[in-house]
file coords_36.cif (mmCIF, C-alpha atoms and all ligand atoms)
data_start
loop_
_atom_site.label_atom_id
_atom_site.label_comp_id
_atom_site.auth_asym_id
_atom_site.auth_seq_id
_atom_site.Cartn_x
_atom_site.Cartn_y
_atom_site.Cartn_z
CA MET N 1 19.13 186.07 96.11
CA LEU N 2 22.36 184.66 97.42
CA VAL N 3 21.54 183.20 100.82
CA THR N 4 24.25 184.99 102.79
CA GLN N 5 23.00 188.34 101.45
CA GLU N 6 19.60 187.98 103.13
CA PRO N 7 20.23 188.47 106.87
CA MET N 8 16.61 187.57 107.73
CA LEU N 9 17.39 183.93 106.87
CA ARG N 10 19.37 183.92 110.13
CA ARG N 11 16.03 184.21 111.96
CA PHE N 12 14.73 180.80 110.85
CA TRP N 13 15.37 177.40 112.38
CA HIS N 14 17.61 175.33 110.12
CA CYS N 15 18.00 171.56 110.34
CA LEU N 16 21.63 170.40 110.46
CA PHE N 17 21.73 166.61 110.87
CA PRO N 18 20.27 163.74 112.93
CA LEU N 19 20.84 164.05 116.69
CA ALA N 20 22.68 160.70 116.58
CA HIS N 21 25.57 162.44 114.77
CA LEU N 22 26.48 163.93 118.15
CA ASP N 23 26.83 160.59 119.93
CA ASP N 24 30.64 160.49 119.83
CA LYS N 25 32.06 163.99 119.57
CA PRO N 26 31.31 167.63 118.75
CA GLN N 27 30.47 168.35 115.12
CA ALA N 28 31.42 171.32 112.96
CA PHE N 29 28.84 172.88 110.64
CA LYS N 30 28.81 175.93 108.41
CA LEU N 31 25.41 177.65 108.53
CA LEU N 32 24.81 180.67 106.28
CA GLY N 33 28.58 181.07 106.03
CA GLU N 34 29.06 181.00 109.82
CA ASP N 35 31.24 178.29 111.38
CA ILE N 36 29.52 176.70 114.36
CA VAL N 37 30.19 173.74 116.63
CA VAL N 38 27.39 171.55 117.96
CA TRP N 39 27.51 169.05 120.82
CA LYS N 40 25.18 167.15 123.11
CA ASP N 41 25.00 167.42 126.91
CA ARG N 42 24.44 164.54 129.36
CA GLU N 43 20.66 164.90 129.04
CA GLY N 44 20.92 164.57 125.27
CA ALA N 45 20.12 168.23 124.53
CA PRO N 46 22.16 169.80 121.70
CA HIS N 47 24.02 173.11 121.99
CA ALA N 48 25.62 175.34 119.35
CA VAL N 49 28.25 178.08 119.64
CA GLN N 50 30.65 179.81 117.27
CA ASP N 51 33.41 177.45 116.20
CA ARG N 52 36.14 179.83 117.29
CA CYS N 53 37.74 179.74 120.70
CA PRO N 54 37.93 183.27 122.16
CA HIS N 55 41.40 182.49 123.52
CA ARG N 56 43.55 181.85 120.42
CA THR N 57 40.81 181.13 117.80
CA ALA N 58 41.26 177.34 117.60
CA LYS N 59 38.25 175.42 116.33
CA LEU N 60 36.25 174.05 119.26
CA SER N 61 34.89 171.33 116.95
CA GLY N 62 38.33 169.70 117.11
CA GLY N 63 37.91 169.31 120.86
CA THR N 64 35.94 167.03 123.15
CA VAL N 65 32.82 167.06 125.30
CA LYS N 66 33.32 166.88 129.06
CA ASP N 67 30.27 166.79 131.28
CA ASP N 68 27.98 169.29 129.52
CA ALA N 69 30.67 171.53 127.99
CA VAL N 70 32.71 171.59 124.80
CA VAL N 71 36.43 171.66 125.58
CA CYS N 72 38.93 173.45 123.32
CA PRO N 73 41.67 171.15 122.00
CA TYR N 74 44.36 173.84 122.32
CA HIS N 75 44.52 174.78 126.03
CA GLY N 76 41.46 173.06 127.46
CA TRP N 77 39.12 175.99 128.08
CA ALA N 78 35.56 174.69 128.48
CA PHE N 79 32.33 176.34 127.31
CA GLU N 80 28.75 175.53 128.29
CA GLY N 81 25.71 175.83 126.03
CA SER N 82 25.13 179.50 126.98
CA GLY N 83 28.59 180.19 125.57
CA LYS N 84 30.04 180.96 129.01
CA CYS N 85 33.57 179.76 129.70
CA THR N 86 33.31 177.48 132.74
CA LEU N 87 36.92 176.36 133.05
CA ILE N 88 40.37 177.79 132.37
CA PRO N 89 42.66 174.96 133.54
CA GLN N 90 45.66 177.29 133.79
CA GLU N 91 43.99 179.57 136.36
CA THR N 92 42.89 178.79 139.89
CA ALA N 93 41.14 182.04 140.83
CA PRO N 94 37.86 183.05 139.14
CA ARG N 95 37.98 186.08 136.83
CA ASP N 96 36.06 189.29 137.54
CA ARG N 97 34.55 189.28 134.06
CA ALA N 98 33.14 186.11 132.50
CA ILE N 99 34.38 185.07 129.06
CA TYR N 100 31.89 184.04 126.40
CA VAL N 101 31.88 182.51 122.95
CA ARG N 102 28.86 183.48 120.82
CA ALA N 103 26.01 181.01 121.41
CA TYR N 104 23.06 180.22 119.12
CA HIS N 105 19.55 178.91 119.65
CA CYS N 106 19.69 175.13 119.33
CA GLN N 107 17.16 172.34 119.91
CA ALA N 108 16.30 168.78 118.95
CA ARG N 109 13.08 168.10 117.00
CA TYR N 110 12.00 165.12 114.91
CA GLY N 111 15.27 163.38 115.82
CA GLN N 112 17.26 166.19 114.18
CA VAL N 113 19.38 169.09 115.41
CA TRP N 114 18.03 172.58 114.61
CA VAL N 115 19.85 175.90 114.94
CA CYS N 116 18.71 179.51 114.60
CA LEU N 117 21.51 182.08 114.40
CA ASP N 118 19.46 185.12 115.51
CA GLU N 119 16.14 185.64 117.32
CA PRO N 120 13.71 183.02 115.90
CA ALA N 121 10.96 184.53 113.75
CA ALA N 122 8.79 181.39 113.98
CA ASP N 123 8.79 177.95 115.54
CA ILE N 124 9.92 174.83 113.70
CA PRO N 125 6.90 173.73 111.62
CA TYR N 126 4.65 171.18 113.32
CA ILE N 127 4.42 167.83 111.55
CA GLU N 128 1.15 166.29 112.70
CA PRO N 129 1.74 162.61 111.72
CA PHE N 130 5.05 162.60 113.60
CA GLY N 131 3.28 161.73 116.86
CA ASP N 132 0.90 159.23 115.22
CA PRO N 133 1.87 155.68 116.29
CA THR N 134 0.67 154.24 112.96
CA PHE N 135 3.55 156.05 111.21
CA ARG N 136 7.20 155.06 111.36
CA GLN N 137 10.16 157.33 110.64
CA VAL N 138 12.89 156.42 108.16
CA PHE N 139 15.94 158.71 107.96
CA GLU N 140 16.95 158.96 104.31
CA PHE N 141 19.61 161.55 103.55
CA CYS N 142 21.93 163.98 105.23
CA GLU N 143 24.31 165.19 102.55
CA ASP N 144 25.64 168.32 100.88
CA TRP N 145 24.66 169.46 97.39
CA SER N 146 26.48 172.12 95.36
CA CYS N 147 23.34 174.09 94.79
CA SER N 148 21.05 176.77 96.23
CA PRO N 149 18.37 175.51 98.68
CA LEU N 150 15.71 177.41 96.78
CA ARG N 151 16.54 175.64 93.51
CA ILE N 152 16.10 172.30 95.26
CA MET N 153 12.85 173.39 96.93
CA GLU N 154 11.43 174.66 93.65
CA ASN N 155 12.27 171.32 92.09
CA GLU N 156 10.25 169.50 94.76
CA PHE N 157 7.12 171.31 93.50
CA ASP N 158 8.01 171.33 89.79
CA ALA N 159 5.55 169.07 87.95
CA ALA N 160 7.18 169.64 84.55
CA HIS N 161 10.52 167.97 85.24
CA LEU N 162 9.16 164.50 86.01
CA SER N 163 8.92 163.33 82.38
CA PHE N 164 12.50 164.55 81.70
CA VAL N 165 14.67 164.23 84.80
CA HIS N 166 12.82 161.15 86.04
CA ALA N 167 12.11 159.62 82.61
CA THR N 168 13.93 156.40 83.48
CA SER N 169 12.44 156.07 86.98
CA PHE N 170 8.83 157.07 87.66
CA GLY N 171 8.23 159.95 85.22
CA ASN N 172 5.26 159.81 82.88
CA THR N 173 6.04 160.17 79.15
CA ASP N 174 3.46 162.96 78.74
CA PRO N 175 5.32 166.29 78.98
CA ILE N 176 2.14 168.26 79.79
CA PRO N 177 2.20 168.39 83.60
CA ALA N 178 -0.71 168.10 86.01
CA LEU N 179 -0.74 171.55 87.60
CA PRO N 180 -1.43 171.73 91.33
CA LEU N 181 -4.22 173.58 93.07
CA ILE N 182 -2.56 176.04 95.43
CA GLU N 183 -3.78 177.36 98.76
CA GLU N 184 -1.69 180.25 100.04
CA HIS N 185 -0.67 180.73 103.66
CA ASP N 186 1.30 183.58 105.24
CA ASP N 187 4.28 181.29 105.80
CA GLY N 188 4.04 179.28 102.57
CA PHE N 189 1.39 177.31 100.69
CA ILE N 190 -0.23 173.93 100.15
CA ALA N 191 -0.08 172.47 96.63
CA ARG N 192 -2.45 169.61 95.80
CA SER N 193 -2.20 167.51 92.66
CA GLN N 194 -2.82 164.03 91.28
CA PRO N 195 -0.01 163.22 88.84
CA LYS N 196 -0.07 159.94 86.91
CA VAL N 197 3.26 158.19 87.32
CA ARG N 198 4.92 154.98 86.19
CA ASN N 199 5.56 152.28 88.76
CA PRO N 200 8.88 150.70 87.77
CA GLU N 201 10.62 147.75 89.39
CA GLY N 202 12.32 149.47 92.37
CA MET N 203 9.22 151.49 93.16
CA ARG N 204 6.89 148.45 93.13
CA ALA N 205 8.76 146.92 96.04
CA ALA N 206 8.74 150.19 97.97
CA LEU N 207 5.01 150.69 97.33
CA GLN N 208 3.88 147.05 97.57
CA MET N 209 2.02 147.57 94.27
CA THR N 210 2.48 145.51 91.09
CA GLU N 211 0.66 147.76 88.57
CA ASP N 212 2.71 149.39 85.76
CA LYS N 213 1.20 152.80 86.43
CA THR N 214 -0.41 154.53 89.37
CA VAL N 215 -1.71 157.88 90.55
CA ARG N 216 -0.18 159.87 93.36
CA THR N 217 -2.48 162.03 95.45
CA THR N 218 0.00 164.64 96.55
CA THR N 219 -0.43 167.28 99.25
CA GLY N 220 2.71 169.39 99.51
CA ARG N 221 3.07 171.91 102.32
CA TYR N 222 5.82 174.45 101.72
CA TYR N 223 7.15 176.57 104.60
CA VAL N 224 9.30 179.70 104.20
CA PRO N 225 12.18 179.51 103.62
CA PHE N 226 13.35 175.96 102.82
CA PHE N 227 11.16 173.30 104.48
CA ARG N 228 8.46 171.08 103.07
CA VAL N 229 6.21 168.22 104.18
CA THR N 230 4.70 166.38 101.22
CA GLU N 231 2.18 163.59 101.71
CA ILE N 232 1.97 161.17 98.79
CA ALA N 233 -1.03 158.84 99.08
CA TYR N 234 -1.33 155.76 96.84
CA PRO N 235 -4.47 153.82 95.84
CA ASN N 236 -3.50 150.91 98.12
CA GLY N 237 -3.73 153.14 101.21
CA LEU N 238 -0.01 153.71 101.62
CA LYS N 239 0.96 157.20 102.75
CA ASN N 240 4.56 158.21 102.20
CA ILE N 241 5.26 161.60 103.80
CA LEU N 242 8.47 163.24 102.63
CA VAL N 243 9.97 165.74 105.07
CA THR N 244 12.73 167.79 103.48
CA ALA N 245 14.79 170.45 105.22
CA LEU N 246 17.23 172.33 103.01
CA THR N 247 19.83 174.17 105.02
CA PRO N 248 21.96 176.92 103.49
CA ILE N 249 25.64 176.22 104.18
CA ASP N 250 26.92 179.10 102.08
CA ASP N 251 26.01 180.68 98.74
CA HIS N 252 26.92 177.55 96.79
CA HIS N 253 26.15 174.62 99.08
CA THR N 254 23.09 173.17 100.78
CA ARG N 255 22.69 170.47 103.42
CA PHE N 256 19.92 168.18 102.14
CA ASN N 257 18.13 166.50 105.06
CA GLN N 258 15.24 164.17 104.38
CA PHE N 259 13.23 161.63 106.32
CA VAL N 260 9.95 159.92 105.56
CA LEU N 261 6.96 159.01 107.68
CA ARG N 262 5.07 155.95 106.43
CA ASN N 263 1.96 154.13 107.61
CA ASP N 264 3.44 150.68 106.91
CA THR N 265 5.91 148.50 108.78
CA GLU N 266 9.55 147.50 108.46
CA ALA N 267 8.40 143.91 107.88
CA GLU N 268 6.33 144.99 104.86
CA VAL N 269 8.96 147.27 103.28
CA SER N 270 12.47 147.55 104.67
CA SER N 271 14.04 150.95 105.31
CA GLU N 272 16.71 149.99 102.76
CA GLN N 273 14.02 149.60 100.06
CA VAL N 274 12.41 152.92 101.00
CA ILE N 275 15.75 154.71 100.87
CA ALA N 276 16.93 152.96 97.69
CA PHE N 277 14.09 154.25 95.55
CA ASP N 278 14.23 157.81 96.86
CA ARG N 279 18.03 157.65 96.46
CA ARG N 280 17.65 156.94 92.78
CA VAL N 281 15.15 159.77 92.32
CA THR N 282 17.11 162.40 94.26
CA LEU N 283 20.34 161.59 92.41
CA GLU N 284 18.47 162.19 89.14
CA ASP N 285 17.55 165.65 90.47
CA LYS N 286 21.03 166.34 91.85
CA VAL N 287 22.76 165.91 88.47
CA VAL N 288 20.67 168.70 86.96
CA LEU N 289 20.29 170.97 89.99
CA GLU N 290 24.03 171.20 90.59
CA THR N 291 24.32 172.85 87.16
CA THR N 292 21.90 175.68 88.09
CA ASP N 293 22.78 179.24 89.08
CA PRO N 294 23.08 179.69 92.88
CA ALA N 295 21.55 183.15 92.54
CA VAL N 296 17.75 182.95 92.57
CA PRO N 297 15.99 186.28 92.05
CA LEU N 298 13.11 186.83 94.48
CA ASP N 299 11.76 189.54 92.22
CA ASN N 300 11.11 189.17 88.51
CA ILE N 301 14.23 190.40 86.74
CA GLU N 302 13.58 190.69 83.04
CA GLY N 303 15.83 188.47 80.98
CA PHE N 304 17.33 186.55 83.93
CA GLU N 305 14.99 183.57 83.56
CA GLU N 306 11.89 182.78 81.49
CA HIS N 307 8.91 181.07 83.12
CA MET N 308 6.03 178.71 82.28
CA ALA N 309 2.77 177.77 84.03
CA SER N 310 4.30 174.91 86.02
CA ASP N 311 6.81 177.33 87.60
CA ARG N 312 4.05 178.91 89.68
CA PRO N 313 4.88 177.13 92.97
CA GLY N 314 8.52 178.18 92.68
CA LEU N 315 7.59 181.77 91.88
CA LEU N 316 5.23 181.77 94.85
CA MET N 317 8.07 180.57 97.11
CA ARG N 318 10.16 183.51 95.98
CA LYS N 319 7.27 185.90 96.66
CA LYS N 320 6.64 184.42 100.12
CA ILE N 321 10.31 184.59 101.10
CA ARG N 322 10.42 188.20 99.92
CA GLN N 323 7.24 189.09 101.87
CA VAL N 324 8.28 187.38 105.10
CA CYS N 325 11.84 188.76 105.05
CA ASP N 326 10.60 192.27 104.26
CA ARG N 327 8.05 192.05 107.09
CA LEU N 328 10.70 190.91 109.57
CA ARG N 329 12.98 193.71 108.42
CA ALA N 330 10.23 196.31 108.83
CA GLU N 331 9.34 195.01 112.31
CA ALA N 332 12.99 195.17 113.34
CA GLN N 333 13.28 198.75 112.10
CA SER N 334 10.06 200.10 113.65
CA PRO N 335 9.82 199.27 117.34
CA GLU N 336 6.47 198.76 119.04
CA PRO N 337 4.76 202.02 120.20
CA ARG N 338 5.37 200.96 123.80
CA GLU N 339 9.08 200.70 123.16
CA LEU N 340 9.01 204.11 121.49
CA ARG N 341 7.43 205.61 124.62
CA LEU N 342 10.06 203.98 126.77
CA ALA N 343 12.78 205.34 124.52
CA GLY N 344 11.36 208.87 124.90
CA GLU N 345 11.24 208.74 128.67
S1 LIG N 401 42.76 178.47 121.84
FE1 LIG N 401 41.16 177.56 122.94
S2 LIG N 401 41.93 177.32 124.91
FE2 LIG N 401 43.55 178.28 123.84
FE FE N 402 12.65 165.59 90.99
#

call {"tool": "encode", "arguments": {"input": "coords_36.cif", "output": "structure tokens"}}
result
Amino acid sequence: MLVTQEPMLRRFWHCLFPLAHLDDKPQAFKLLGEDIVVWKDREGAPHAVQDRCPHRTAKLSGGTVKDDAVVCPYHGWAFEGSGKCTLIPQETAPRDRAIYVRAYHCQARYGQVWVCLDEPAADIPYIEPFGDPTFRQVFEFCEDWSCSPLRIMENEFDAAHLSFVHATSFGNTDPIPALPLIEEHDDGFIARSQPKVRNPEGMRAALQMTEDKTVRTTTGRYYVPFFRVTEIAYPNGLKNILVTALTPIDDHHTRFNQFVLRNDTEAEVSSEQVIAFDRRVTLEDKVVLETTDPAVPLDNIEGFEEHMASDRPGLLMRKKIRQVCDRLRAEAQSPEPRELRLAGE
């Protein structure tokens, strides 16, 4: 699957960047190959429309925000969040027919901006500890990788790469991986495992643990298509919850957004220490993942890839994406009986 060839991916909420990125000016983003512009109104709510002015096609992202509207840099036409043109400075009389730029569903959640290009198929997944006052939020990354989102998501649940890719950080030397127990859900799965890991210098500070080795009790929730919430619990009571949203920019690039929720305090472990360790680990993954094929077959194509037991979570992701997209497609093609009756009237 190349992401732009699966139109049903347009029906999911995708996370673009932290809301704070909109503090100063509108921002351009390419989502599933589509150029959009995002800005924030006076109440702090984000809006997204096509990054193409309907007048002479200039990019609205090069413009400004005035009141609640984005203003084109070329001739000053202004557009509100619905996409409606609210001002043509060159004209004094209102037009008979309103002018629109294409608008998209857009909202803020978890301190991030989310966009859905078509009718949303599901809500943004609920992250229970987000509202728990004993957890703090640390924004970690918002960056682009030259890689498919599915390759990155598979890697997050791949127990076999730890002793290779992460051999110099936390990976155990034993190449036989601890396979997770998997509980399937319609929109993804939960994978539970208890891998033994090393606890090297940088990680000790981030975990407040001095032992050479430790055990992670890992509960990873995967959501179709490219979102995961993985709780890693350590023997000292620390819970480090990784929230990763992988957003398809185009067939070869992915926006990697990650924040963590932790039940400790800034005084115990600084955000810099939290980020520094995860930075090291994700860069180890990035080097390898950016060499992988952006095409990821959702169905088993003989000879395209070979598999092993630890690939099961990744293969299940492919199956779930296939099932959900096929279901959405079927629903779109066969209207409800009530709608059929209406059509026959
Ligand atoms: S191109 Fe946008 S106002 Fe003219
Ligand atoms: Fe990794």

call {"tool": "closest_residue", "arguments": {"input": "coords_36.cif", "among": "N:Ile241, N:Ala28, N:Cys142, N:Cys53", "to": "Gly220 in chain N", "atoms": "only C-alpha atoms"}}
result
N:Ile241

call {"tool": "residues_around", "arguments": {"input": "coords_36.cif", "residues": "Ala58 in chain N", "least_positions_apart": "5", "cutoff": "9 Å", "atoms": "only C-alpha atoms", "output": "VMD selection string"}}
result
chain N and resid 51 to 53 72 to 74

call {"tool": "closest_residue", "arguments": {"input": "coords_36.cif", "among": "N:Gln27, N:Thr291, N:Thr210, N:Thr86", "to": "ligand LIG 401 (chain N)", "atoms": "only C-alpha atoms and all ligand atoms"}}
result
N:Thr86

call {"tool": "residues_near_ligand", "arguments": {"input": "coords_36.cif", "ligand": "ligand LIG 401 (chain N)", "cutoff": "10 Å", "atoms": "all atoms listed in the file", "output": "list in words"}}
result
Arg52, Cys53, Pro54, His55, Arg56, Thr57, Ala58, Lys59, Leu60, Gly63, Val71, Cys72, Pro73, Tyr74, His75, Gly76, Trp77, Ala78, Phe79, Cys85, Leu87, Ile88, Pro89 and Gln90 of chain N

call {"tool": "atom_distance", "arguments": {"input": "coords_36.cif", "atom1": "CA of Ile232 in chain N", "atom2": "CA of Thr218 in chain N"}}
result
4.6 Å

call {"tool": "residues_near_point", "arguments": {"input": "coords_36.cif", "point": "(20.1, 179.4, 121.1)", "cutoff": "8 Å", "atoms": "only C-alpha atoms", "output": "ChimeraX atom specification"}}
result
/N:47-48,82,103-107,115-117

call {"tool": "atom_distance", "arguments": {"input": "coords_36.cif", "atom1": "CA of Ile124 in chain N", "atom2": "CA of Phe226 in chain N"}}
result
11.5 Å

call {"tool": "residues_around", "arguments": {"input": "coords_36.cif", "residues": "Glu305 in chain N", "least_positions_apart": "4", "cutoff": "12 Å", "atoms": "only C-alpha atoms", "output": "PyMOL selection string"}}
result
chain N and resi 292-293+295-301+311+315

call {"tool": "atom_distance", "arguments": {"input": "coords_36.cif", "atom1": "CA of Gln273 in chain N", "atom2": "CA of Met153 in chain N"}}
result
24.0 Å

call {"tool": "residues_near_point", "arguments": {"input": "coords_36.cif", "point": "(24.1, 174.5, 113.2)", "cutoff": "6 Å", "atoms": "all atoms listed in the file", "output": "list in words"}}
result
Leu16, Phe29, Leu31, Ile36 and Val115 of chain N

call {"tool": "build_atoms", "arguments": {"input": "coords_36.cif", "residues": "range 293-323 of chain N", "atoms": "N, CA and C atoms", "output": "mmCIF file, keeping the file's coordinate frame"}}
result
data_model
loop_
_atom_site.group_PDB
_atom_site.id
_atom_site.type_symbol
_atom_site.label_atom_id
_atom_site.label_comp_id
_atom_site.auth_asym_id
_atom_site.auth_seq_id
_atom_site.Cartn_x
_atom_site.Cartn_y
_atom_site.Cartn_z
ATOM 1 N N ASP N 293 22.177 178.021 88.519
ATOM 2 C CA ASP N 293 22.780 179.240 89.080
ATOM 3 C C ASP N 293 22.426 179.348 90.571
ATOM 4 N N PRO N 294 23.404 179.552 91.460
ATOM 5 C CA PRO N 294 23.080 179.690 92.880
ATOM 6 C C PRO N 294 22.293 180.959 93.197
ATOM 7 N N ALA N 295 22.346 181.936 92.318
ATOM 8 C CA ALA N 295 21.550 183.150 92.540
ATOM 9 C C ALA N 295 20.130 182.890 92.053
ATOM 10 N N VAL N 296 19.156 183.122 92.929
ATOM 11 C CA VAL N 296 17.750 182.950 92.570
ATOM 12 C C VAL N 296 17.045 184.267 92.845
ATOM 13 N N PRO N 297 16.619 184.978 91.803
ATOM 14 C CA PRO N 297 15.990 186.280 92.050
ATOM 15 C C PRO N 297 14.631 186.128 92.732
ATOM 16 N N LEU N 298 14.419 186.863 93.815
ATOM 17 C CA LEU N 298 13.110 186.830 94.480
ATOM 18 C C LEU N 298 12.116 187.695 93.724
ATOM 19 N N ASP N 299 12.624 188.675 93.014
ATOM 20 C CA ASP N 299 11.760 189.540 92.220
ATOM 21 C C ASP N 299 11.989 189.213 90.747
ATOM 22 N N ASN N 300 10.995 189.514 89.939
ATOM 23 C CA ASN N 300 11.110 189.170 88.510
ATOM 24 C C ASN N 300 12.092 190.114 87.825
ATOM 25 N N ILE N 301 13.232 189.586 87.442
ATOM 26 C CA ILE N 301 14.230 190.400 86.740
ATOM 27 C C ILE N 301 14.154 190.034 85.268
ATOM 28 N N GLU N 302 13.779 190.988 84.461
ATOM 29 C CA GLU N 302 13.580 190.690 83.040
ATOM 30 C C GLU N 302 14.857 190.142 82.412
ATOM 31 N N GLY N 303 14.705 189.036 81.710
ATOM 32 C CA GLY N 303 15.830 188.470 80.980
ATOM 33 C C GLY N 303 16.688 187.509 81.786
ATOM 34 N N PHE N 304 16.491 187.447 83.114
ATOM 35 C CA PHE N 304 17.330 186.550 83.930
ATOM 36 C C PHE N 304 16.883 185.107 83.762
ATOM 37 N N GLU N 305 15.570 184.893 83.806
ATOM 38 C CA GLU N 305 14.990 183.570 83.560
ATOM 39 C C GLU N 305 13.659 183.781 82.841
ATOM 40 N N GLU N 306 13.241 182.786 82.071
ATOM 41 C CA GLU N 306 11.890 182.780 81.490
ATOM 42 C C GLU N 306 11.070 181.750 82.272
ATOM 43 N N HIS N 307 9.742 181.944 82.298
ATOM 44 C CA HIS N 307 8.910 181.070 83.120
ATOM 45 C C HIS N 307 7.813 180.400 82.295
ATOM 46 N N MET N 308 7.220 179.330 82.871
ATOM 47 C CA MET N 308 6.030 178.710 82.280
ATOM 48 C C MET N 308 5.045 178.397 83.408
ATOM 49 N N ALA N 309 3.853 177.914 83.045
ATOM 50 C CA ALA N 309 2.770 177.770 84.030
ATOM 51 C C ALA N 309 3.175 176.897 85.216
ATOM 52 N N SER N 310 3.934 175.837 84.944
ATOM 53 C CA SER N 310 4.300 174.910 86.020
ATOM 54 C C SER N 310 5.325 175.495 86.980
ATOM 55 N N ASP N 311 5.852 176.676 86.687
ATOM 56 C CA ASP N 311 6.810 177.330 87.600
ATOM 57 C C ASP N 311 6.097 178.080 88.723
ATOM 58 N N ARG N 312 4.778 178.078 88.710
ATOM 59 C CA ARG N 312 4.050 178.910 89.680
ATOM 60 C C ARG N 312 4.425 178.623 91.136
ATOM 61 N N PRO N 313 4.499 177.341 91.562
ATOM 62 C CA PRO N 313 4.880 177.130 92.970
ATOM 63 C C PRO N 313 6.231 177.747 93.311
ATOM 64 N N GLY N 314 7.198 177.603 92.427
ATOM 65 C CA GLY N 314 8.520 178.180 92.680
ATOM 66 C C GLY N 314 8.475 179.697 92.755
ATOM 67 N N LEU N 315 7.697 180.307 91.856
ATOM 68 C CA LEU N 315 7.590 181.770 91.880
ATOM 69 C C LEU N 315 6.881 182.243 93.149
ATOM 70 N N LEU N 316 5.929 181.425 93.613
ATOM 71 C CA LEU N 316 5.230 181.770 94.850
ATOM 72 C C LEU N 316 6.171 181.655 96.055
ATOM 73 N N MET N 317 7.066 180.667 96.036
ATOM 74 C CA MET N 317 8.070 180.570 97.110
ATOM 75 C C MET N 317 8.896 181.844 97.181
ATOM 76 N N ARG N 318 9.339 182.300 96.015
ATOM 77 C CA ARG N 318 10.160 183.510 95.980
ATOM 78 C C ARG N 318 9.399 184.690 96.565
ATOM 79 N N LYS N 319 8.103 184.792 96.166
ATOM 80 C CA LYS N 319 7.270 185.900 96.660
ATOM 81 C C LYS N 319 7.102 185.812 98.181
ATOM 82 N N LYS N 320 6.861 184.585 98.670
ATOM 83 C CA LYS N 320 6.640 184.420 100.120
ATOM 84 C C LYS N 320 7.904 184.745 100.909
ATOM 85 N N ILE N 321 9.047 184.298 100.406
ATOM 86 C CA ILE N 321 10.310 184.590 101.100
ATOM 87 C C ILE N 321 10.520 186.110 101.132
ATOM 88 N N ARG N 322 10.288 186.735 100.001
ATOM 89 C CA ARG N 322 10.420 188.200 99.920
ATOM 90 C C ARG N 322 9.493 188.868 100.939
ATOM 91 N N GLN N 323 8.208 188.455 100.971
ATOM 92 C CA GLN N 323 7.240 189.090 101.870
ATOM 93 C C GLN N 323 7.628 188.902 103.335
#
